[in-house]
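Visitor: I am sharing final17.csv, which consists of CSV, N, CA and C atoms:
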chain,number,residue,atom,x,y,z
A,1,MET,N,0.8,-1.2,0.0
A,1,MET,CA,0.0,0.0,0.0
A,1,MET,C,0.9,1.3,0.0
A,2,GLU,N,2.1,1.2,-0.5
A,2,GLU,CA,2.9,2.3,-0.6
A,2,GLU,C,2.1,3.5,-1.2
A,3,SER,N,2.2,4.7,-0.6
A,3,SER,CA,1.5,5.9,-1.1
A,3,SER,C,2.4,7.0,-0.7
A,4,LEU,N,3.4,7.3,-1.6
A,4,LEU,CA,4.4,8.3,-1.3
A,4,LEU,C,3.7,9.7,-1.4
A,5,GLY,N,4.2,10.6,-0.5
A,5,GLY,CA,3.8,12.0,-0.5
A,5,GLY,C,4.9,12.7,-1.2
A,6,LYS,N,5.7,13.4,-0.5
A,6,LYS,CA,6.8,14.2,-1.0
A,6,LYS,C,8.0,13.3,-1.2
A,7,VAL,N,8.6,13.5,-2.4
A,7,VAL,CA,9.9,12.8,-2.7
A,7,VAL,C,10.8,13.9,-3.3
A,8,ILE,N,12.0,14.0,-2.7
A,8,ILE,CA,12.9,15.0,-3.1
A,8,ILE,C,14.1,14.4,-3.7
A,9,SER,N,14.8,15.2,-4.6
A,9,SER,CA,16.0,14.7,-5.2
A,9,SER,C,17.2,15.5,-4.6
A,10,ILE,N,18.2,14.7,-4.2
A,10,ILE,CA,19.4,15.2,-3.6
A,10,ILE,C,20.6,14.4,-4.2
A,11,GLU,N,21.7,15.1,-4.5
A,11,GLU,CA,22.8,14.4,-5.1
A,11,GLU,C,23.4,13.3,-4.1
A,12,ALA,N,23.7,12.1,-4.6
A,12,ALA,CA,24.3,11.1,-3.8
A,12,ALA,C,25.7,11.4,-3.6
A,13,GLY,N,26.1,11.3,-2.3
A,13,GLY,CA,27.5,11.6,-1.9
A,13,GLY,C,28.4,10.4,-1.9
A,14,GLU,N,27.7,9.2,-2.2
A,14,GLU,CA,28.4,7.9,-2.3
A,14,GLU,C,27.6,7.0,-3.0
A,15,ASP,N,28.1,5.8,-3.3
A,15,ASP,CA,27.3,4.8,-4.0
A,15,ASP,C,26.2,4.2,-3.1
A,16,LEU,N,25.0,4.5,-3.5
A,16,LEU,CA,23.8,4.1,-2.7
A,16,LEU,C,23.0,3.0,-3.5
A,17,SER,N,23.7,2.4,-4.4
A,17,SER,CA,23.0,1.4,-5.3
A,17,SER,C,22.4,0.2,-4.5
A,18,SER,N,22.9,-0.1,-3.3
A,18,SER,CA,22.4,-1.2,-2.5
A,18,SER,C,21.6,-0.7,-1.3
A,19,SER,N,21.2,0.6,-1.3
A,19,SER,CA,20.5,1.1,-0.2
A,19,SER,C,19.0,1.5,-0.5
A,20,THR,N,18.4,1.0,-1.6
A,20,THR,CA,17.0,1.2,-1.9
A,20,THR,C,16.1,0.7,-0.7
A,21,GLU,N,15.1,1.5,-0.4
A,21,GLU,CA,14.2,1.2,0.7
A,21,GLU,C,14.8,1.2,2.1
A,22,LYS,N,16.0,1.9,2.2
A,22,LYS,CA,16.6,2.1,3.5
A,22,LYS,C,16.6,3.6,3.8
A,23,VAL,N,16.8,3.9,5.1
A,23,VAL,CA,16.9,5.3,5.5
A,23,VAL,C,18.3,5.9,5.2
A,24,VAL,N,18.3,7.1,4.7
A,24,VAL,CA,19.6,7.8,4.4
A,24,VAL,C,19.7,9.1,5.2
A,25,THR,N,20.9,9.6,5.2
A,25,THR,CA,21.1,10.9,5.9
A,25,THR,C,21.9,11.8,4.9
A,26,LEU,N,22.2,12.9,5.4
A,26,LEU,CA,23.0,13.9,4.6
A,26,LEU,C,24.4,14.1,5.2
A,27,ASN,N,25.4,14.3,4.3
A,27,ASN,CA,26.7,14.6,4.9
A,27,ASN,C,26.9,16.1,5.0
A,28,SER,N,28.0,16.5,5.4
A,28,SER,CA,28.2,18.0,5.7
A,28,SER,C,28.2,18.8,4.5
A,29,SER,N,28.2,18.2,3.3
A,29,SER,CA,28.1,18.9,2.0
A,29,SER,C,26.7,18.9,1.5
A,30,GLY,N,25.7,18.3,2.3
A,30,GLY,CA,24.3,18.3,1.9
A,30,GLY,C,24.0,17.2,0.9
A,31,LYS,N,24.9,16.2,0.8
A,31,LYS,CA,24.7,15.1,-0.2
A,31,LYS,C,24.1,13.9,0.6
A,32,ALA,N,23.3,13.1,-0.1
A,32,ALA,CA,22.8,11.9,0.5
A,32,ALA,C,23.8,10.8,0.6
A,33,ILE,N,23.8,10.2,1.9
A,33,ILE,CA,24.7,9.1,2.1
A,33,ILE,C,24.0,8.0,3.0
A,34,GLY,N,24.5,6.8,3.0
A,34,GLY,CA,23.9,5.8,3.8
A,34,GLY,C,24.1,6.0,5.3
A,35,PHE,N,23.3,5.4,6.1
A,35,PHE,CA,23.4,5.4,7.6
A,35,PHE,C,24.6,4.7,8.0
A,36,SER,N,25.3,5.2,9.0
A,36,SER,CA,26.5,4.5,9.6
A,36,SER,C,26.4,4.3,11.1
A,37,ALA,N,25.4,5.0,11.7
A,37,ALA,CA,25.2,5.0,13.2
A,37,ALA,C,23.7,5.3,13.5
A,38,ILE,N,23.2,4.7,14.6
A,38,ILE,CA,21.8,5.0,14.9
A,38,ILE,C,21.6,6.4,15.3
A,39,THR,N,22.6,7.2,15.6
A,39,THR,CA,22.5,8.6,16.0
A,39,THR,C,22.5,9.5,14.7
A,40,ASN,N,22.7,9.0,13.5
A,40,ASN,CA,22.6,9.8,12.3
A,40,ASN,C,21.2,10.4,12.3
A,41,ILE,N,21.0,11.6,11.7
A,41,ILE,CA,19.7,12.2,11.5
A,41,ILE,C,19.1,11.8,10.2
A,42,PRO,N,18.0,11.1,10.2
A,42,PRO,CA,17.4,10.6,9.0
A,42,PRO,C,16.9,11.8,8.1
A,43,ALA,N,17.2,11.6,6.8
A,43,ALA,CA,16.6,12.6,5.8
A,43,ALA,C,15.4,12.0,5.2
A,44,GLY,N,15.3,10.7,5.1
A,44,GLY,CA,14.1,10.0,4.5
A,44,GLY,C,14.5,8.6,4.0
A,45,ILE,N,13.6,8.0,3.2
A,45,ILE,CA,13.9,6.7,2.7
A,45,ILE,C,14.2,6.7,1.2
A,46,LEU,N,15.3,6.1,0.9
A,46,LEU,CA,15.8,6.1,-0.5
A,46,LEU,C,14.9,5.3,-1.4
A,47,LYS,N,14.5,5.8,-2.5
A,47,LYS,CA,13.5,5.1,-3.4
A,47,LYS,C,14.2,4.6,-4.7
A,48,ASN,N,15.4,5.0,-5.0
A,48,ASN,CA,16.1,4.5,-6.2
A,48,ASN,C,17.5,4.0,-5.8
A,49,ALA,N,18.3,3.8,-6.8
A,49,ALA,CA,19.6,3.1,-6.5
A,49,ALA,C,20.7,3.9,-7.2
A,50,PRO,N,21.0,5.2,-6.8
A,50,PRO,CA,22.0,6.0,-7.4
A,50,PRO,C,23.4,5.7,-7.0
A,51,VAL,N,24.3,6.0,-7.9
A,51,VAL,CA,25.7,5.9,-7.5
A,51,VAL,C,26.2,7.3,-7.3
A,52,THR,N,27.4,7.5,-6.8
A,52,THR,CA,27.9,8.8,-6.5
A,52,THR,C,27.7,9.8,-7.6
A,53,GLY,N,27.2,11.0,-7.3
A,53,GLY,CA,26.9,12.1,-8.2
A,53,GLY,C,25.6,12.0,-8.9
A,54,GLU,N,24.9,10.9,-8.8
A,54,GLU,CA,23.5,10.8,-9.4
A,54,GLU,C,22.5,11.3,-8.4
A,55,ALA,N,21.3,11.6,-8.9
A,55,ALA,CA,20.2,12.1,-8.0
A,55,ALA,C,19.6,10.9,-7.2
A,56,ALA,N,19.6,11.1,-5.9
A,56,ALA,CA,19.0,10.2,-4.9
A,56,ALA,C,17.6,10.7,-4.7
A,57,GLU,N,16.6,9.8,-5.0
A,57,GLU,CA,15.2,10.2,-4.8
A,57,GLU,C,14.8,9.7,-3.4
A,58,ILE,N,14.4,10.7,-2.5
A,58,ILE,CA,14.2,10.4,-1.1
A,58,ILE,C,12.8,10.7,-0.7
A,59,ALA,N,12.1,9.7,-0.2
A,59,ALA,CA,10.7,9.9,0.3
A,59,ALA,C,10.8,10.6,1.7
A,60,ILE,N,10.1,11.7,1.9
A,60,ILE,CA,10.1,12.4,3.2
A,60,ILE,C,8.7,12.5,3.8
A,61,ASP,N,7.7,11.9,3.1
A,61,ASP,CA,6.3,12.1,3.5
A,61,ASP,C,5.5,10.9,2.9
A,62,GLY,N,4.4,10.6,3.6
A,62,GLY,CA,3.6,9.5,3.0
A,62,GLY,C,3.9,8.2,3.6
A,63,VAL,N,3.5,7.1,2.9
A,63,VAL,CA,3.7,5.7,3.3
A,63,VAL,C,4.8,5.1,2.4
A,64,SER,N,5.8,4.6,3.0
A,64,SER,CA,6.9,4.1,2.2
A,64,SER,C,7.3,2.7,2.6
A,65,ARG,N,7.7,1.9,1.6
A,65,ARG,CA,8.3,0.6,1.9
A,65,ARG,C,9.7,0.8,2.6
A,66,ILE,N,10.0,-0.1,3.5
A,66,ILE,CA,11.3,0.0,4.2
A,66,ILE,C,11.8,-1.4,4.6
A,67,TRP,N,13.1,-1.7,4.5
A,67,TRP,CA,13.6,-2.9,5.0
A,67,TRP,C,13.5,-3.0,6.6
A,68,LEU,N,13.1,-4.1,7.1
A,68,LEU,CA,13.0,-4.3,8.5
A,68,LEU,C,14.3,-4.8,9.1
A,69,GLY,N,14.7,-4.3,10.2
A,69,GLY,CA,16.0,-4.7,10.9
A,69,GLY,C,15.7,-5.6,12.1
A,70,GLY,N,14.5,-6.0,12.3
A,70,GLY,CA,14.1,-6.9,13.4
A,70,GLY,C,12.6,-7.2,13.2
A,71,THR,N,12.1,-8.1,14.1
A,71,THR,CA,10.7,-8.4,14.0
A,71,THR,C,9.9,-7.3,14.6
A,72,LEU,N,9.0,-6.7,13.8
A,72,LEU,CA,8.2,-5.5,14.2
A,72,LEU,C,6.8,-5.7,13.9
A,73,SER,N,5.9,-5.1,14.7
A,73,SER,CA,4.5,-5.2,14.6
A,73,SER,C,3.9,-3.9,14.1
A,74,PRO,N,2.8,-3.9,13.4
A,74,PRO,CA,2.1,-2.6,13.0
A,74,PRO,C,1.9,-1.8,14.2
A,75,GLY,N,2.0,-0.5,14.1
A,75,GLY,CA,1.7,0.4,15.2
A,75,GLY,C,2.9,0.8,16.0
A,76,ALA,N,4.0,0.1,15.7
A,76,ALA,CA,5.3,0.4,16.4
A,76,ALA,C,5.9,1.7,16.0
A,77,LEU,N,6.4,2.5,16.9
A,77,LEU,CA,7.2,3.7,16.5
A,77,LEU,C,8.6,3.2,16.2
A,78,VAL,N,9.1,3.5,15.0
A,78,VAL,CA,10.3,3.0,14.6
A,78,VAL,C,11.4,4.1,14.3
A,79,GLY,N,12.6,3.7,14.5
A,79,GLY,CA,13.8,4.5,14.1
A,79,GLY,C,14.6,3.7,13.1
A,80,ALA,N,15.8,4.0,12.9
A,80,ALA,CA,16.7,3.3,11.9
A,80,ALA,C,17.9,2.7,12.6
A,81,SER,N,18.2,1.5,12.1
A,81,SER,CA,19.5,0.9,12.6
A,81,SER,C,20.7,1.5,11.9
A,82,ALA,N,21.9,1.2,12.3
A,82,ALA,CA,23.1,1.7,11.6
A,82,ALA,C,23.1,1.3,10.2
A,83,ALA,N,22.4,0.3,9.8
A,83,ALA,CA,22.3,-0.2,8.4
A,83,ALA,C,21.1,0.5,7.6
A,84,GLY,N,20.4,1.4,8.3
A,84,GLY,CA,19.3,2.1,7.6
A,84,GLY,C,18.0,1.3,7.6
A,85,LYS,N,17.9,0.3,8.3
A,85,LYS,CA,16.7,-0.5,8.4
A,85,LYS,C,15.8,-0.1,9.6
A,86,ALA,N,14.5,-0.4,9.5
A,86,ALA,CA,13.6,0.0,10.6
A,86,ALA,C,13.8,-0.9,11.8
A,87,VAL,N,13.9,-0.3,12.9
A,87,VAL,CA,14.0,-1.0,14.2
A,87,VAL,C,13.1,-0.3,15.2
A,88,ALA,N,12.9,-1.0,16.3
A,88,ALA,CA,12.1,-0.4,17.4
A,88,ALA,C,12.8,0.9,17.9
A,89,ASP,N,12.0,1.9,18.0
A,89,ASP,CA,12.5,3.2,18.5
A,89,ASP,C,13.1,3.1,19.8
A,90,ALA,N,14.2,3.8,20.0
A,90,ALA,CA,14.9,3.8,21.3
A,90,ALA,C,15.4,5.2,21.6
A,91,SER,N,15.8,5.4,22.9
A,91,SER,CA,16.2,6.7,23.3
A,91,SER,C,17.5,7.2,22.6
A,92,THR,N,18.2,6.3,21.9
A,92,THR,CA,19.4,6.7,21.2
A,92,THR,C,19.3,7.0,19.7
A,93,ASN,N,18.1,6.8,19.2
A,93,ASN,CA,18.0,7.1,17.7
A,93,ASN,C,16.8,8.1,17.5
A,94,TYR,N,16.7,8.5,16.3
A,94,TYR,CA,15.6,9.4,15.9
A,94,TYR,C,14.5,8.6,15.3
A,95,ASN,N,13.2,8.9,15.7
A,95,ASN,CA,12.1,8.1,15.1
A,95,ASN,C,11.8,8.6,13.7
A,96,ILE,N,11.4,7.7,12.8
A,96,ILE,CA,11.1,8.1,11.5
A,96,ILE,C,9.6,7.9,11.2
A,97,GLY,N,8.8,7.3,12.0
A,97,GLY,CA,7.4,7.1,11.8
A,97,GLY,C,6.8,5.9,12.5
A,98,VAL,N,5.6,5.6,12.1
A,98,VAL,CA,4.8,4.5,12.7
A,98,VAL,C,4.7,3.4,11.7
A,99,LEU,N,5.0,2.2,12.1
A,99,LEU,CA,5.0,1.0,11.2
A,99,LEU,C,3.5,0.7,10.8
A,100,LEU,N,3.2,0.6,9.5
A,100,LEU,CA,1.9,0.2,9.0
A,100,LEU,C,1.9,-1.3,8.7
A,101,LYS,N,3.0,-1.8,8.2
A,101,LYS,CA,3.0,-3.2,7.9
A,101,LYS,C,4.3,-3.7,8.5
A,102,GLY,N,4.2,-4.7,9.4
A,102,GLY,CA,5.4,-5.2,10.1
A,102,GLY,C,5.8,-6.5,9.4
A,103,GLY,N,6.7,-7.2,10.1
A,103,GLY,CA,7.3,-8.5,9.6
A,103,GLY,C,8.5,-8.8,10.4
A,104,ALA,N,9.3,-9.7,9.8
A,104,ALA,CA,10.5,-10.2,10.4
A,104,ALA,C,11.8,-9.5,9.8
A,105,ASP,N,12.9,-9.7,10.5
A,105,ASP,CA,14.1,-9.1,10.1
A,105,ASP,C,14.4,-9.6,8.7
A,106,GLY,N,14.8,-8.6,7.8
A,106,GLY,CA,15.1,-8.9,6.4
A,106,GLY,C,14.0,-8.8,5.5
A,107,GLU,N,12.7,-8.6,6.0
A,107,GLU,CA,11.6,-8.5,5.1
A,107,GLU,C,11.3,-7.0,4.9
A,108,ILE,N,10.4,-6.7,3.9
A,108,ILE,CA,10.0,-5.4,3.6
A,108,ILE,C,8.7,-5.1,4.4
A,109,GLY,N,8.7,-3.9,5.1
A,109,GLY,CA,7.5,-3.5,5.8
A,109,GLY,C,7.1,-2.1,5.2
A,110,GLU,N,6.2,-1.5,5.8
A,110,GLU,CA,5.8,-0.1,5.4
A,110,GLU,C,5.7,0.8,6.6
A,111,VAL,N,6.1,2.0,6.4
A,111,VAL,CA,6.1,3.0,7.5
A,111,VAL,C,5.4,4.2,7.0
A,112,ILE,N,4.6,4.8,8.0
A,112,ILE,CA,4.0,6.1,7.8
A,112,ILE,C,5.0,7.1,8.2
A,113,LEU,N,5.6,7.8,7.3
A,113,LEU,CA,6.7,8.7,7.6
A,113,LEU,C,6.2,9.9,8.5
A,114,GLY,N,6.9,10.2,9.5
A,114,GLY,CA,6.4,11.3,10.4
A,114,GLY,C,7.6,12.0,11.1
A,115,SER,N,7.4,12.2,12.4
A,115,SER,CA,8.4,12.9,13.2
A,115,SER,C,9.7,12.3,13.1
A,116,LYS,N,10.7,13.2,13.0
A,116,LYS,CA,12.1,12.7,13.0
A,116,LYS,C,12.8,13.4,14.2
A,117,THR,N,12.2,13.4,15.3
A,117,THR,CA,12.8,14.1,16.5
A,117,THR,C,13.4,13.0,17.4
A,118,ALA,N,14.4,13.4,18.2
A,118,ALA,CA,15.1,12.5,19.1
A,118,ALA,C,14.1,12.1,20.2
A,119,THR,N,14.2,10.9,20.7
A,119,THR,CA,13.3,10.5,21.8
A,119,THR,C,14.2,10.6,23.1
A,120,ALA,N,13.5,10.8,24.2
A,120,ALA,CA,14.3,10.9,25.4
A,120,ALA,C,13.8,9.9,26.5
What would you get if you wrote out this structure as C-alpha cells?

Guide:
Amino acid sequence: MESLGKVISIEAGEDLSSSTEKVVTLNSSGKAIGFSAITNIPAGILKNAPVTGEAAEIAIDGVSRIWLGGTLSPGALVGASAAGKAVADASTNYNIGVLLKGGADGEIGEVILGSKTATA
C-alpha cells in the first residue's frame, strides 16, 4: 500500500545502489549518504539506486516501503538501525514514523513517515 507523499532529489555523496528502501542521511556537504550509526539524523527513505553524483530520490512524507531490521508489529514507533533498516524506536535514535506493515528481520515493511525528533 505504498503511497508516497513528497519525494525530493538530492545528489548522492556515495554509491547508494544497494540502499534502496533504506533510511539515508545527509553529509556535511548536503549530499545523500547511507546510515552508519543510529545517531545519524534521517533525511528520509531512498527510493532509487543512485551511484555517487547521481540524483537520490528520497521519500520524506507519506507511506513508504522499508527494510526491517528486526521483528516488528504494525503500530510500532520505529527508528533506523546503523544499516538504515527499521528497528524499534529507542532513546538513542531518531524516530522516522509509525509502522503500518510489520514483519521479520530482512523483510520489507511499510512505514507512515512522520516525526524525526530524538526520543528521550

Visitor: Mind giving me the straight-line distance from atom CA of Gly34 of chain A to atom CA of Leu46 of chain A in Å, one decimal?

Guide: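 Between atom CA of Gly34 of chain A and atom CA of Leu46 of chain A the gap is 9.2 Å.
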
Visitor: Using atom C of Ile112 of chain A and atom N of Ser73 of chain A as the two end points, give the distance in Å to one decimal.

Guide: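 It comes out at 13.9 Å.
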
Visitor: Find the residues of segment 67-115 of chain A that sit at most 8 Å from segment 53-62 of chain A; for each, write down the nearest two atoms and how far apart they are in Å, to one decimal. Count all atoms listed in the file. Sort by chain, then by number going up, and give it as CSV.

Guide:
residue,atom,partner,partner_atom,distance
A:Val111,C,A:Gly62,C,5.5
A:Ile112,CA,A:Gly62,C,4.7
A:Leu113,N,A:Gly62,C,4.1
A:Gly114,N,A:Asp61,CA,6.3

Visitor: Taking into account only C-alpha atoms, which residue in the set A:Ala104, A:Ile8, A:Ala90, A:Ala82 is nearest to Ser36 of chain A?

Guide: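 Of the candidates, the smallest distance to Ser36 of chain A is held by A:Ala82.
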
Visitor: Using only C-alpha atoms for the distances, tell me which of A:Val23, A:Leu68, A:Val51, A:Ile33 is nearest to Ile96 of chain A.

Guide: A:Val23

Visitor: Between A:Leu100, A:Ala88, A:Ala43, A:Ala49, which one has atoms that come closest to Ser64 of chain A, using only C-alpha atoms?

Guide: A:Leu100

Visitor: Give the strand (DSSP E) residues of segment 25-115 of chain A, as DSSP finds them on the backbone, and put them as a PyMOL selection string.

Guide: chain A and resi 25-26+32-34+44-46+55-59+62-67+77-80+86-88+95-101+108-113

Visitor: Hey, which of A:Asn95, A:Thr52, A:Ser81, A:Thr71 ends up closest to Asp15 of chain A? Count only C-alpha atoms.

Guide: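 Between A:Asn95, A:Thr52, A:Ser81, A:Thr71, the residue approaching Asp15 of chain A most closely is A:Thr52.
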
Visitor: Measure the distance from atom CA of Lys22 of chain A to atom CA of Leu72 of chain A in Å and round it to one decimal.

Guide: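 Between atom CA of Lys22 of chain A and atom CA of Leu72 of chain A the gap works out to 15.6 Å.
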
Visitor: Quick one: residues within 7 Å of Ala86 of chain A, only C-alpha atoms counted, chain neighbours fewer than 3 positions away excluded, as a VMD selection string?

Guide: chain A and resid 66 to 69 78 to 81

Visitor: Would you please work out which residue, of A:Ile45, A:Ala83, A:Ala37, A:Asp89, is nearest to Ile10 of chain A when using only C-alpha atoms?

Guide: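 Smallest separation from Ile10 of chain A among the options: A:Ile45.
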